[in-house]
Amino acid sequence: MILKVLLVIGVIGIVYFMFIKKSPPLSQKTTNKEDDIKADDMVECSSCSVYVQVSEAILSNAKYYCSQECLQKVV
């Protein structure tokens, strides 16, 4: 009796893993955190280390700056 129950559970498990459980598609690749930045995220100024929203930050040479003054300090 126990052997029949274990056999049924095994068959159900095999059917589940082969047909029901979906693996993630190969075309879906993991993205880098830098690529996932949204407008309301906070980024650190490369010059003075103050955090500012991405929508208000100045992007120059792949670095974020909080103001024109910080950008001019680096340049």
# chains A, B, ... in the order shown; residues from 1 in each chain; ligands from 1

call {"tool": "residues_around", "arguments": {"residues": "Ser67 (chain A)", "least_positions_apart": "4", "cutoff": "8 Å", "atoms": "only C-alpha atoms", "output": "ChimeraX atom specification"}}
result
/A:57-58,71

call {"tool": "atom_distance", "arguments": {"atom1": "CA of Met18 (chain A)", "atom2": "CA of Ile2 (chain A)"}}
result
24.2 Å

call {"tool": "atom_distance", "arguments": {"atom1": "CA of Glu69 (chain A)", "atom2": "CA of Ala39 (chain A)"}}
result
21.9 Å

call {"tool": "atom_distance", "arguments": {"atom1": "CA of Glu44 (chain A)", "atom2": "CA of Leu59 (chain A)"}}
result
11.3 Å

call {"tool": "residues_around", "arguments": {"residues": "Gln68 (chain A)", "least_positions_apart": "2", "cutoff": "12 Å", "atoms": "only C-alpha atoms", "output": "VMD selection string"}}
result
chain A and resid 45 47 to 48 56 to 60 64 to 66 70 to 75

call {"tool": "write_last_selection", "arguments": {"atoms": "N, CA, C and O atoms", "output": "PDB file, in the first residue's frame"}}
result
ATOM      1  N   CYS A  45      26.212  62.092  -5.592  1.00  0.00           N
ATOM      2  CA  CYS A  45      26.998  63.042  -6.376  1.00  0.00           C
ATOM      3  C   CYS A  45      28.453  62.580  -6.358  1.00  0.00           C
ATOM      4  O   CYS A  45      29.007  62.255  -5.310  1.00  0.00           O
ATOM      5  N   SER A  47      31.040  64.283  -6.817  1.00  0.00           N
ATOM      6  CA  SER A  47      31.951  65.292  -6.293  1.00  0.00           C
ATOM      7  C   SER A  47      31.830  65.464  -4.773  1.00  0.00           C
ATOM      8  O   SER A  47      32.815  65.370  -4.057  1.00  0.00           O
ATOM      9  N   CYS A  48      30.623  65.699  -4.290  1.00  0.00           N
ATOM     10  CA  CYS A  48      30.451  66.025  -2.863  1.00  0.00           C
ATOM     11  C   CYS A  48      29.762  64.937  -2.057  1.00  0.00           C
ATOM     12  O   CYS A  48      29.528  65.105  -0.859  1.00  0.00           O
ATOM     13  N   GLU A  56      16.654  65.034 -10.899  1.00  0.00           N
ATOM     14  CA  GLU A  56      17.254  66.350 -10.656  1.00  0.00           C
ATOM     15  C   GLU A  56      18.761  66.348 -10.837  1.00  0.00           C
ATOM     16  O   GLU A  56      19.387  67.403 -10.825  1.00  0.00           O
ATOM     17  N   ALA A  57      19.363  65.196 -10.994  1.00  0.00           N
ATOM     18  CA  ALA A  57      20.816  65.101 -11.096  1.00  0.00           C
ATOM     19  C   ALA A  57      21.284  65.441 -12.507  1.00  0.00           C
ATOM     20  O   ALA A  57      20.533  65.370 -13.473  1.00  0.00           O
ATOM     21  N   ILE A  58      22.561  65.801 -12.585  1.00  0.00           N
ATOM     22  CA  ILE A  58      23.193  66.095 -13.871  1.00  0.00           C
ATOM     23  C   ILE A  58      24.103  64.919 -14.199  1.00  0.00           C
ATOM     24  O   ILE A  58      24.969  64.564 -13.411  1.00  0.00           O
ATOM     25  N   LEU A  59      23.912  64.330 -15.367  1.00  0.00           N
ATOM     26  CA  LEU A  59      24.698  63.181 -15.794  1.00  0.00           C
ATOM     27  C   LEU A  59      25.772  63.658 -16.757  1.00  0.00           C
ATOM     28  O   LEU A  59      25.477  64.270 -17.780  1.00  0.00           O
ATOM     29  N   SER A  60      27.022  63.389 -16.403  1.00  0.00           N
ATOM     30  CA  SER A  60      28.138  63.776 -17.257  1.00  0.00           C
ATOM     31  C   SER A  60      29.216  62.706 -17.159  1.00  0.00           C
ATOM     32  O   SER A  60      29.674  62.383 -16.056  1.00  0.00           O
ATOM     33  N   TYR A  64      26.991  61.027 -11.877  1.00  0.00           N
ATOM     34  CA  TYR A  64      25.927  61.936 -11.496  1.00  0.00           C
ATOM     35  C   TYR A  64      26.474  63.047 -10.609  1.00  0.00           C
ATOM     36  O   TYR A  64      27.324  62.819  -9.747  1.00  0.00           O
ATOM     37  N   TYR A  65      25.966  64.265 -10.825  1.00  0.00           N
ATOM     38  CA  TYR A  65      26.351  65.431 -10.032  1.00  0.00           C
ATOM     39  C   TYR A  65      25.091  66.125  -9.541  1.00  0.00           C
ATOM     40  O   TYR A  65      24.074  66.153 -10.227  1.00  0.00           O
ATOM     41  N   CYS A  66      25.177  66.739  -8.360  1.00  0.00           N
ATOM     42  CA  CYS A  66      23.996  67.352  -7.769  1.00  0.00           C
ATOM     43  C   CYS A  66      23.748  68.754  -8.318  1.00  0.00           C
ATOM     44  O   CYS A  66      22.620  69.233  -8.297  1.00  0.00           O
ATOM     45  N   CYS A  70      29.246  71.457  -8.650  1.00  0.00           N
ATOM     46  CA  CYS A  70      29.976  70.206  -8.452  1.00  0.00           C
ATOM     47  C   CYS A  70      30.530  69.700  -9.784  1.00  0.00           C
ATOM     48  O   CYS A  70      31.632  69.170  -9.829  1.00  0.00           O
ATOM     49  N   LEU A  71      29.784  69.882 -10.843  1.00  0.00           N
ATOM     50  CA  LEU A  71      30.256  69.480 -12.160  1.00  0.00           C
ATOM     51  C   LEU A  71      31.469  70.306 -12.571  1.00  0.00           C
ATOM     52  O   LEU A  71      32.437  69.775 -13.103  1.00  0.00           O
ATOM     53  N   GLN A  72      31.462  71.587 -12.269  1.00  0.00           N
ATOM     54  CA  GLN A  72      32.579  72.475 -12.623  1.00  0.00           C
ATOM     55  C   GLN A  72      33.833  72.179 -11.789  1.00  0.00           C
ATOM     56  O   GLN A  72      34.948  72.371 -12.258  1.00  0.00           O
ATOM     57  N   LYS A  73      33.646  71.710 -10.543  1.00  0.00           N
ATOM     58  CA  LYS A  73      34.795  71.353  -9.700  1.00  0.00           C
ATOM     59  C   LYS A  73      35.617  70.234 -10.331  1.00  0.00           C
ATOM     60  O   LYS A  73      36.830  70.243 -10.261  1.00  0.00           O
ATOM     61  N   VAL A  74      34.933  69.296 -10.934  1.00  0.00           N
ATOM     62  CA  VAL A  74      35.602  68.125 -11.491  1.00  0.00           C
ATOM     63  C   VAL A  74      36.229  68.465 -12.838  1.00  0.00           C
ATOM     64  O   VAL A  74      37.319  67.988 -13.165  1.00  0.00           O
ATOM     65  N   VAL A  75      35.570  69.285 -13.605  1.00  0.00           N
ATOM     66  CA  VAL A  75      36.050  69.612 -14.967  1.00  0.00           C
ATOM     67  C   VAL A  75      37.147  70.575 -14.917  1.00  0.00           C
ATOM     68  O   VAL A  75      37.933  71.040 -14.463  1.00  0.00           O
TER      69      VAL A  75
END
